[in-house]
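Asks: The following file, protein17.cif, comprises mmCIF, C-alpha atoms and all ligand atoms:
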data_my_file
loop_
_atom_site.group_PDB
_atom_site.id
_atom_site.type_symbol
_atom_site.label_atom_id
_atom_site.label_comp_id
_atom_site.auth_asym_id
_atom_site.auth_seq_id
_atom_site.Cartn_x
_atom_site.Cartn_y
_atom_site.Cartn_z
ATOM 1 C CA MET U 87 89.608 44.074 67.828
ATOM 2 C CA ARG U 88 89.192 42.893 64.223
ATOM 3 C CA HIS U 89 86.937 45.653 62.857
ATOM 4 C CA LEU U 90 85.571 48.963 64.145
ATOM 5 C CA LEU U 91 81.966 49.030 62.998
ATOM 6 C CA SER U 92 80.002 50.317 65.987
ATOM 7 C CA CYS U 93 80.692 51.787 69.410
ATOM 8 C CA ALA U 94 78.441 49.007 70.715
ATOM 9 C CA ASP U 95 81.228 46.533 69.867
ATOM 10 C CA LEU U 96 83.682 48.204 72.271
ATOM 11 C CA ASP U 97 84.156 47.559 75.973
ATOM 12 C CA GLU U 98 85.507 50.040 78.509
ATOM 13 C CA SER U 99 89.086 48.767 78.436
ATOM 14 C CA GLU U 100 89.183 48.963 74.626
ATOM 15 C CA VAL U 101 87.819 52.519 74.652
ATOM 16 C CA LEU U 102 90.306 53.678 77.295
ATOM 17 C CA SER U 103 93.141 51.940 75.507
ATOM 18 C CA LEU U 104 92.197 53.696 72.232
ATOM 19 C CA LEU U 105 91.941 57.091 73.955
ATOM 20 C CA ASP U 106 95.177 56.653 75.928
ATOM 21 C CA LEU U 107 97.172 55.648 72.858
ATOM 22 C CA ALA U 108 95.725 58.652 71.015
ATOM 23 C CA VAL U 109 97.396 60.894 73.623
ATOM 24 C CA GLU U 110 100.770 59.466 72.564
ATOM 25 C CA MET U 111 99.843 59.660 68.891
ATOM 26 C CA GLN U 112 98.945 63.338 69.240
ATOM 27 C CA GLN U 113 102.530 64.105 70.253
ATOM 28 C CA VAL U 114 103.565 63.158 66.704
ATOM 29 C CA GLN U 115 101.494 66.102 65.457
ATOM 30 C CA SER U 116 103.853 68.614 67.089
ATOM 31 C CA ARG U 117 107.072 66.988 65.831
ATOM 32 C CA PRO U 118 108.917 68.363 62.793
ATOM 33 C CA VAL U 119 109.139 64.810 61.367
ATOM 34 C CA LYS U 120 105.697 63.281 61.673
ATOM 35 C CA LYS U 121 106.449 59.637 61.053
ATOM 36 C CA LEU U 122 106.332 56.407 63.063
ATOM 37 C CA PRO U 123 107.318 53.096 61.467
ATOM 38 C CA ALA U 124 104.459 51.067 62.993
ATOM 39 C CA LEU U 125 102.494 50.281 59.812
ATOM 40 C CA ARG U 126 105.338 50.092 57.293
ATOM 41 C CA GLY U 127 104.344 47.727 54.485
ATOM 42 C CA ARG U 128 100.620 47.809 55.317
ATOM 43 C CA THR U 129 98.061 49.107 52.797
ATOM 44 C CA ILE U 130 94.989 51.081 53.857
ATOM 45 C CA VAL U 131 92.243 51.813 51.330
ATOM 46 C CA ASN U 132 89.928 54.742 52.083
ATOM 47 C CA ILE U 133 86.772 54.134 50.074
ATOM 48 C CA PHE U 134 84.210 56.908 50.324
ATOM 49 C CA PHE U 135 80.792 56.685 48.664
ATOM 50 C CA GLU U 136 79.762 59.961 50.349
ATOM 51 C CA ASP U 137 81.608 63.279 50.540
ATOM 52 C CA SER U 138 83.966 63.991 53.410
ATOM 53 C CA THR U 139 86.617 66.535 54.346
ATOM 54 C CA ARG U 140 87.608 65.709 57.934
ATOM 55 C CA THR U 141 87.241 61.932 58.093
ATOM 56 C CA ARG U 142 88.849 61.034 54.795
ATOM 57 C CA THR U 143 91.754 63.459 55.133
ATOM 58 C CA SER U 144 92.470 62.588 58.754
ATOM 59 C CA PHE U 145 92.453 58.857 58.030
ATOM 60 C CA GLU U 146 94.840 59.464 55.154
ATOM 61 C CA ILE U 147 97.159 61.568 57.339
ATOM 62 C CA ALA U 148 96.902 59.024 60.164
ATOM 63 C CA GLY U 149 97.892 56.186 57.847
ATOM 64 C CA LYS U 150 100.783 58.149 56.363
ATOM 65 C CA TRP U 151 102.130 59.219 59.756
ATOM 66 C CA LEU U 152 102.169 55.528 60.718
ATOM 67 C CA SER U 153 104.104 54.783 57.471
ATOM 68 C CA ALA U 154 101.282 52.794 55.833
ATOM 69 C CA ASP U 155 100.559 53.072 52.116
ATOM 70 C CA THR U 156 97.221 54.832 51.848
ATOM 71 C CA ILE U 157 95.015 54.755 48.758
ATOM 72 C CA ASN U 158 91.881 56.843 48.223
ATOM 73 C CA VAL U 159 88.997 55.489 46.173
ATOM 74 C CA SER U 160 85.853 57.506 45.600
ATOM 75 C CA ALA U 161 82.671 56.246 44.001
ATOM 76 C CA LYS U 162 82.763 58.959 41.334
ATOM 77 C CA GLY U 163 86.060 57.882 39.790
ATOM 78 C CA SER U 164 85.596 54.122 40.229
ATOM 79 C CA SER U 165 83.706 51.385 38.364
ATOM 80 C CA VAL U 166 80.824 51.885 40.812
ATOM 81 C CA SER U 167 79.723 54.601 38.374
ATOM 82 C CA LYS U 168 79.476 51.842 35.711
ATOM 83 C CA GLY U 169 77.153 49.835 37.904
ATOM 84 C CA GLU U 170 79.586 47.562 39.766
ATOM 85 C CA SER U 171 78.051 46.380 43.026
ATOM 86 C CA LEU U 172 79.445 47.216 46.471
ATOM 87 C CA ARG U 173 80.276 43.537 47.017
ATOM 88 C CA ASP U 174 82.179 43.165 43.747
ATOM 89 C CA THR U 175 83.990 46.457 44.338
ATOM 90 C CA MET U 176 85.118 45.436 47.810
ATOM 91 C CA LEU U 177 86.091 41.895 46.777
ATOM 92 C CA THR U 178 88.155 43.406 43.939
ATOM 93 C CA LEU U 179 90.046 45.747 46.280
ATOM 94 C CA ASP U 180 90.438 42.965 48.848
ATOM 95 C CA ALA U 181 91.970 40.730 46.182
ATOM 96 C CA MET U 182 94.617 43.408 45.538
ATOM 97 C CA GLY U 183 95.915 42.882 49.075
ATOM 98 C CA ALA U 184 94.467 45.743 51.110
ATOM 99 C CA ASP U 185 95.051 45.302 54.843
ATOM 100 C CA ALA U 186 92.289 47.661 55.949
ATOM 101 C CA PHE U 187 89.305 49.437 54.469
ATOM 102 C CA VAL U 188 88.023 52.728 55.805
ATOM 103 C CA ILE U 189 84.544 52.950 54.344
ATOM 104 C CA ARG U 190 81.849 55.621 54.238
ATOM 105 C CA HIS U 191 78.527 54.761 52.632
ATOM 106 C CA SER U 192 75.047 56.254 52.546
ATOM 107 C CA SER U 193 73.439 52.948 53.554
ATOM 108 C CA SER U 194 73.145 52.061 57.229
ATOM 109 C CA GLY U 195 74.856 48.712 57.787
ATOM 110 C CA ALA U 196 77.108 48.934 54.708
ATOM 111 C CA ALA U 197 80.370 48.696 56.699
ATOM 112 C CA SER U 198 79.072 45.664 58.551
ATOM 113 C CA GLN U 199 78.138 43.959 55.301
ATOM 114 C CA VAL U 200 81.586 44.658 53.876
ATOM 115 C CA ALA U 201 83.202 43.155 56.991
ATOM 116 C CA GLY U 202 81.369 39.932 56.195
ATOM 117 C CA TRP U 203 82.794 39.789 52.671
ATOM 118 C CA VAL U 204 86.447 40.756 52.940
ATOM 119 C CA ARG U 205 89.617 39.450 54.562
ATOM 120 C CA ALA U 206 90.879 42.944 55.473
ATOM 121 C CA HIS U 207 90.023 44.916 58.620
ATOM 122 C CA VAL U 208 87.065 47.285 58.193
ATOM 123 C CA ILE U 209 86.562 50.669 59.849
ATOM 124 C CA ASN U 210 83.172 52.320 59.617
ATOM 125 C CA ALA U 211 83.750 55.962 58.625
ATOM 126 C CA GLY U 212 80.005 56.681 58.650
ATOM 127 C CA ASP U 213 77.163 54.492 57.396
ATOM 128 C CA GLY U 214 73.969 56.338 56.551
ATOM 129 C CA GLN U 215 72.118 57.430 59.677
ATOM 130 C CA HIS U 216 73.543 54.570 61.726
ATOM 131 C CA GLU U 217 77.013 55.161 63.215
ATOM 132 C CA HIS U 218 80.292 57.060 62.997
ATOM 133 C CA PRO U 219 82.385 55.416 65.729
ATOM 134 C CA THR U 220 85.682 57.249 65.165
ATOM 135 C CA GLN U 221 83.827 60.577 65.395
ATOM 136 C CA ALA U 222 82.462 59.588 68.818
ATOM 137 C CA LEU U 223 85.937 58.474 69.911
ATOM 138 C CA LEU U 224 87.507 61.771 68.859
ATOM 139 C CA ASP U 225 84.665 63.642 70.557
ATOM 140 C CA ALA U 226 85.318 61.699 73.767
ATOM 141 C CA TYR U 227 89.060 62.360 73.449
ATOM 142 C CA THR U 228 88.448 66.105 73.021
ATOM 143 C CA MET U 229 86.011 66.259 75.931
ATOM 144 C CA ARG U 230 88.404 64.320 78.158
ATOM 145 C CA GLN U 231 91.187 66.804 77.378
ATOM 146 C CA HIS U 232 88.819 69.667 78.166
ATOM 147 C CA PHE U 233 87.730 68.156 81.491
ATOM 148 C CA ALA U 234 91.377 67.632 82.436
ATOM 149 C CA ARG U 235 92.183 71.280 81.570
ATOM 150 C CA VAL U 236 89.272 72.465 83.726
ATOM 151 C CA ALA U 237 90.295 70.220 86.636
ATOM 152 C CA ASN U 238 94.096 70.535 86.462
ATOM 153 C CA GLY U 239 94.755 73.610 84.361
ATOM 154 C CA THR U 240 96.449 71.368 81.788
ATOM 155 C CA SER U 241 95.286 68.601 79.479
ATOM 156 C CA LYS U 242 98.512 66.704 80.288
ATOM 157 C CA GLY U 243 97.443 65.713 83.814
ATOM 158 C CA PRO U 244 95.182 62.821 84.733
ATOM 159 C CA GLY U 245 91.691 63.081 83.265
ATOM 160 C CA THR U 246 88.684 63.390 85.502
ATOM 161 C CA GLY U 247 86.499 60.940 83.597
ATOM 162 C CA PHE U 248 82.955 61.470 82.439
ATOM 163 C CA ALA U 249 80.988 60.614 85.596
ATOM 164 C CA GLY U 250 78.787 63.552 86.556
ATOM 165 C CA LYS U 251 79.467 65.389 83.292
ATOM 166 C CA ARG U 252 76.399 66.582 81.418
ATOM 167 C CA ILE U 253 76.692 66.405 77.639
ATOM 168 C CA ALA U 254 73.920 68.111 75.661
ATOM 169 C CA ILE U 255 73.626 66.923 72.059
ATOM 170 C CA VAL U 256 71.458 69.348 70.144
ATOM 171 C CA GLY U 257 69.848 69.479 66.719
ATOM 172 C CA ASP U 258 69.037 67.133 63.867
ATOM 173 C CA LEU U 259 69.212 63.856 65.775
ATOM 174 C CA LEU U 260 67.006 62.036 63.275
ATOM 175 C CA HIS U 261 69.602 62.020 60.502
ATOM 176 C CA SER U 262 72.673 61.872 62.732
ATOM 177 C CA ARG U 263 75.039 58.908 62.939
ATOM 178 C CA VAL U 264 77.207 60.997 65.277
ATOM 179 C CA VAL U 265 74.553 61.093 68.002
ATOM 180 C CA ARG U 266 74.055 57.322 67.908
ATOM 181 C CA SER U 267 77.762 56.618 68.289
ATOM 182 C CA ASN U 268 78.129 59.234 71.030
ATOM 183 C CA VAL U 269 75.223 57.847 73.036
ATOM 184 C CA LEU U 270 76.642 54.309 72.788
ATOM 185 C CA LEU U 271 80.121 55.493 73.770
ATOM 186 C CA GLN U 272 78.885 57.525 76.732
ATOM 187 C CA ARG U 273 77.039 54.445 78.002
ATOM 188 C CA ILE U 274 80.525 52.992 78.395
ATOM 189 C CA LEU U 275 82.260 56.131 79.669
ATOM 190 C CA GLY U 276 79.516 57.233 82.056
ATOM 191 C CA GLY U 277 78.646 60.723 80.757
ATOM 192 C CA ASP U 278 75.111 61.983 81.317
ATOM 193 C CA VAL U 279 73.747 62.649 77.807
ATOM 194 C CA VAL U 280 70.742 64.895 77.269
ATOM 195 C CA LEU U 281 69.264 65.037 73.781
ATOM 196 C CA VAL U 282 67.681 68.277 72.553
ATOM 197 C CA ALA U 283 65.694 68.481 69.311
ATOM 198 C CA PRO U 284 62.337 69.402 67.880
ATOM 199 C CA PRO U 285 59.968 66.403 68.026
ATOM 200 C CA THR U 286 60.132 66.081 64.217
ATOM 201 C CA LEU U 287 63.908 65.512 64.350
ATOM 202 C CA LEU U 288 63.911 62.782 66.999
ATOM 203 C CA PRO U 289 64.762 59.243 65.857
ATOM 204 C CA THR U 290 62.210 56.478 66.305
ATOM 205 C CA GLY U 291 62.833 54.619 69.562
ATOM 206 C CA VAL U 292 64.889 57.437 71.133
ATOM 207 C CA GLU U 293 62.990 56.875 74.400
ATOM 208 C CA ASP U 294 64.847 53.552 74.720
ATOM 209 C CA TRP U 295 68.324 55.125 74.421
ATOM 210 C CA GLY U 296 68.530 55.771 78.165
ATOM 211 C CA CYS U 297 68.947 59.552 77.804
ATOM 212 C CA GLU U 298 66.890 62.530 78.882
ATOM 213 C CA VAL U 299 65.108 63.947 75.803
ATOM 214 C CA THR U 300 63.721 67.468 75.568
ATOM 215 C CA ASP U 301 62.891 70.253 73.134
ATOM 216 C CA ASP U 302 63.765 72.995 75.644
ATOM 217 C CA LEU U 303 67.330 74.042 74.845
ATOM 218 C CA ASP U 304 67.246 77.046 77.179
ATOM 219 C CA ALA U 305 66.405 74.831 80.143
ATOM 220 C CA VAL U 306 69.363 72.525 79.416
ATOM 221 C CA LEU U 307 72.176 74.964 78.609
ATOM 222 C CA PRO U 308 72.912 76.371 82.112
ATOM 223 C CA SER U 309 73.734 72.868 83.438
ATOM 224 C CA ALA U 310 75.650 71.519 80.416
ATOM 225 C CA ASP U 311 79.402 70.813 80.625
ATOM 226 C CA ILE U 312 79.540 70.150 76.879
ATOM 227 C CA VAL U 313 77.163 71.519 74.258
ATOM 228 C CA MET U 314 77.489 69.504 71.070
ATOM 229 C CA MET U 315 75.665 71.144 68.187
ATOM 230 C CA LEU U 316 74.713 68.918 65.247
ATOM 231 C CA ARG U 317 74.323 70.000 61.677
ATOM 232 C CA VAL U 318 70.912 70.389 60.089
ATOM 233 C CA GLN U 319 71.378 67.769 57.339
ATOM 234 C CA ARG U 320 69.596 69.555 54.523
ATOM 235 C CA GLU U 321 70.706 66.904 51.995
ATOM 236 C CA ARG U 322 68.786 64.190 53.879
ATOM 237 C CA MET U 323 65.595 66.273 54.244
ATOM 238 C CA ALA U 324 62.727 66.538 51.795
ATOM 239 C CA GLY U 325 61.321 69.411 53.875
ATOM 240 C CA GLY U 326 58.650 69.851 56.517
ATOM 241 C CA PHE U 327 60.805 69.090 59.582
ATOM 242 C CA PHE U 328 60.591 72.700 60.799
ATOM 243 C CA PRO U 329 58.866 75.815 59.448
ATOM 244 C CA THR U 330 61.907 77.925 58.462
ATOM 245 C CA GLU U 331 65.624 77.975 59.229
ATOM 246 C CA ARG U 332 65.162 81.256 61.063
ATOM 247 C CA GLU U 333 62.604 79.686 63.402
ATOM 248 C CA TYR U 334 64.848 76.621 63.862
ATOM 249 C CA THR U 335 67.706 78.910 64.896
ATOM 250 C CA GLU U 336 65.474 80.811 67.312
ATOM 251 C CA SER U 337 64.580 77.610 69.181
ATOM 252 C CA PHE U 338 67.594 75.322 68.637
ATOM 253 C CA GLY U 339 70.531 77.459 67.498
ATOM 254 C CA LEU U 340 73.528 78.276 69.691
ATOM 255 C CA THR U 341 73.028 82.001 69.292
ATOM 256 C CA PRO U 342 75.218 84.723 70.874
ATOM 257 C CA GLY U 343 72.517 85.174 73.544
ATOM 258 C CA ARG U 344 72.598 81.487 74.485
ATOM 259 C CA LEU U 345 76.398 81.474 74.413
ATOM 260 C CA ALA U 346 76.386 84.058 77.191
ATOM 261 C CA GLY U 347 74.250 81.765 79.369
ATOM 262 C CA LEU U 348 76.663 78.793 79.390
ATOM 263 C CA LYS U 349 78.565 77.727 82.511
ATOM 264 C CA PRO U 350 82.020 79.391 82.595
ATOM 265 C CA THR U 351 83.649 75.941 82.299
ATOM 266 C CA ALA U 352 81.354 74.654 79.546
ATOM 267 C CA ALA U 353 82.712 73.949 76.063
ATOM 268 C CA ILE U 354 81.172 73.810 72.613
ATOM 269 C CA CYS U 355 81.631 70.930 70.167
ATOM 270 C CA HIS U 356 80.467 70.398 66.601
ATOM 271 C CA PRO U 357 81.521 67.429 64.439
ATOM 272 C CA GLY U 358 81.400 69.576 61.294
ATOM 273 C CA PRO U 359 80.689 70.577 58.672
ATOM 274 C CA MET U 360 78.939 73.525 60.338
ATOM 275 C CA ASN U 361 76.010 75.527 59.020
ATOM 276 C CA ARG U 362 77.117 78.842 60.482
ATOM 277 C CA GLY U 363 74.118 80.983 61.304
ATOM 278 C CA VAL U 364 71.740 78.002 61.451
ATOM 279 C CA GLU U 365 72.548 75.557 64.290
ATOM 280 C CA ILE U 366 75.611 77.509 65.461
ATOM 281 C CA SER U 367 76.343 81.231 65.341
ATOM 282 C CA PRO U 368 79.763 82.413 64.171
ATOM 283 C CA ALA U 369 80.246 83.819 67.698
ATOM 284 C CA ALA U 370 79.795 80.331 69.179
ATOM 285 C CA ALA U 371 81.823 78.519 66.493
ATOM 286 C CA ASP U 372 84.790 80.835 67.050
ATOM 287 C CA ALA U 373 84.395 81.348 70.813
ATOM 288 C CA ALA U 374 87.323 80.800 73.199
ATOM 289 C CA ASN U 375 85.496 77.781 74.620
ATOM 290 C CA SER U 376 84.794 76.248 71.187
ATOM 291 C CA LEU U 377 86.551 72.882 70.754
ATOM 292 C CA VAL U 378 85.718 72.546 67.058
ATOM 293 C CA LEU U 379 89.315 72.676 65.826
ATOM 294 C CA ASP U 380 90.526 70.584 68.785
ATOM 295 C CA GLN U 381 88.108 67.920 67.534
ATOM 296 C CA VAL U 382 89.683 68.094 64.077
ATOM 297 C CA SER U 383 93.214 67.716 65.509
ATOM 298 C CA ALA U 384 92.059 64.891 67.752
ATOM 299 C CA GLY U 385 90.647 63.155 64.678
ATOM 300 C CA VAL U 386 94.127 62.425 63.361
ATOM 301 C CA ALA U 387 95.438 61.137 66.710
ATOM 302 C CA VAL U 388 92.397 58.981 67.408
ATOM 303 C CA ARG U 389 92.451 57.498 63.911
ATOM 304 C CA MET U 390 96.167 56.733 64.277
ATOM 305 C CA SER U 391 95.276 54.920 67.476
ATOM 306 C CA VAL U 392 92.473 52.968 65.790
ATOM 307 C CA LEU U 393 94.681 51.961 62.851
ATOM 308 C CA TYR U 394 97.455 50.948 65.252
ATOM 309 C CA HIS U 395 95.081 48.832 67.345
ATOM 310 C CA LEU U 396 93.712 47.050 64.295
ATOM 311 C CA LEU U 397 96.879 46.585 62.276
ATOM 312 C CA ALA U 398 100.023 46.875 64.386
ATOM 313 C CA ALA U 399 98.781 45.447 67.650
ATOM 314 C CA GLU U 400 97.789 42.175 65.931
ATOM 315 C CA GLU U 401 101.462 41.553 65.186
ATOM 316 C CA GLY U 402 102.699 42.827 68.539
ATOM 317 C CA ALA U 403 104.597 45.481 66.589
ATOM 318 C CA GLN U 404 105.893 48.570 68.376
ATOM 319 C CA GLY U 405 105.318 52.129 67.134
HETATM 320 N N1 LIG U 501 82.517 65.020 60.960
HETATM 321 C C1 LIG U 501 82.647 64.455 59.755
HETATM 322 O O1 LIG U 501 82.407 63.246 59.576
HETATM 323 O O2 LIG U 501 83.056 65.313 58.793
HETATM 324 P P1 LIG U 501 83.313 64.947 57.260
HETATM 325 O O3 LIG U 501 81.967 64.616 56.648
HETATM 326 O O4 LIG U 501 83.944 66.158 56.653
HETATM 327 O O5 LIG U 501 84.197 63.734 57.223
#
Spit out the file's structure as structure tokens when you get a sec.
Replies:
Amino acid sequence: MRHLLSCADLDESEVLSLLDLAVEMQQVQSRPVKKLPALRGRTIVNIFFEDSTRTRTSFEIAGKWLSADTINVSAKGSSVSKGESLRDTMLTLDAMGADAFVIRHSSSGAASQVAGWVRAHVINAGDGQHEHPTQALLDAYTMRQHFARVANGTSKGPGTGFAGKRIAIVGDLLHSRVVRSNVLLQRILGGDVVLVAPPTLLPTGVEDWGCEVTDDLDAVLPSADIVMMLRVQRERMAGGFFPTEREYTESFGLTPGRLAGLKPTAAICHPGPMNRGVEISPAAADAANSLVLDQVSAGVAVRMSVLYHLLAAEEGAQG
């Protein structure tokens, strides 16, 4: 694996290898000294042209826990604000000797373009409305742990896999890179994805994604093993996608009433940031079966695994 740009680039053995190594990486999180020597001497540049809390911080932590030198560059404080192009910016940072770039950009395809310009490894940390592959990997990791807990009473036992598991992804699918990466990843892992959204928030061509598509959330919830709520991306909307937020919540929000109708073994996911009271009620966000903070923890472990696969594995180094 040279870059991680899209879940479509992964095969089943690569996905399972990434998820299995993340299990070992997560053990570092509970140690008093959170440090492995695997990436000593390697330099990782996180370059974010869009805001982020979870992805940027977890990549930085992941790099540090693997002993890499991690540098954060944001568009606001860089020469991008003086008009420097993306290509010149990336070639400049590449010339300084970066080993890997973790890039978030508002343009779909930006990470792929960068991979064509630079010598370093490139990880797509979200490109416009296209993909967010490490989010889908951490979602899969979190779901796998949940399924194992349901089956074995502990997440430490063997996982049960995704076959026969129904994963409802609900909300603003039109603007979501998370849904695209999750659908691609579940094609590999075998989960049964059902997409729920108002017709105005469905992406063009969604009928070719190989998933059931509906606008009837109440019909889907009783059979869902995972309910993944997606954020209403107000910043990408000019308006007119639904009448009011209150009406959106009535039809597509995970309200306390809907929470009560879930299967006893079902769990709730949300990639964050959440609009509490819009797509997800506080009762659902903070419920005992909410995996929202498990997803955040998994983000560090999965990103450690991705960095290890790209940087350490190429040298046959041991963590
Ligand atoms: N889920 C996610 O990508 O969150 P951030 O925008 O905070 O990184």
Asks: From the list U:Gly358, U:Gly247, U:Pro118, U:Gly183, which residue is nearest ligand LIG 501 (chain U) when using all atoms listed in the file?
Replies: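 Once distances to ligand LIG 501 (chain U) are computed over all atoms listed in the file, the minimum belongs to U:Gly358.
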Asks: Find the distance between atom CA of U:Pro350 and atom CA of U:Val269 and write it in Å to one decimal.
Replies: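 Distance reported for this atom pair: 24.5 Å.
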Asks: So that I can check the surroundings of U:Leu288, please list as a compact mmCIF listing (two decimals) with C-alpha atoms, in the coordinates of the input every protein, DNA and RNA residue that reaches within 8 Å of it, counting all atoms listed in the file and ignoring chain neighbours fewer than 2 positions away.
Replies:
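Saved the output as result_35.txt:
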# COMPACT_ATOMS: atom_id res chain seq x y z
CA ASP U 258 69.04 67.13 63.87
CA LEU U 259 69.21 63.86 65.78
CA LEU U 260 67.01 62.04 63.28
CA ALA U 283 65.69 68.48 69.31
CA PRO U 284 62.34 69.40 67.88
CA PRO U 285 59.97 66.40 68.03
CA THR U 286 60.13 66.08 64.22
CA THR U 290 62.21 56.48 66.31
CA VAL U 292 64.89 57.44 71.13
Asks: Which residues are close to U:Ile253, i.e. within 8 Å by only C-alpha atoms, leaving aside same-chain residues fewer than 5 positions away? Reply as a PyMOL selection string.
Replies: chain U and resi 277-280+310-314
Asks: What does the file look like for those residues with C-alpha atoms, as a tab-separated table (two decimals), keeping the file's coordinate frame?
Replies:
chain	number	residue	atom	x	y	z
U	277	GLY	CA	78.65	60.72	80.76
U	278	ASP	CA	75.11	61.98	81.32
U	279	VAL	CA	73.75	62.65	77.81
U	280	VAL	CA	70.74	64.90	77.27
U	310	ALA	CA	75.65	71.52	80.42
U	311	ASP	CA	79.40	70.81	80.62
U	312	ILE	CA	79.54	70.15	76.88
U	313	VAL	CA	77.16	71.52	74.26
U	314	MET	CA	77.49	69.50	71.07
Asks: Just checking: using only C-alpha atoms and all ligand atoms, which residue out of U:Arg173, U:His261, U:His89, U:His356 ends up closest to ligand LIG 501 (chain U)?
Replies: U:His356
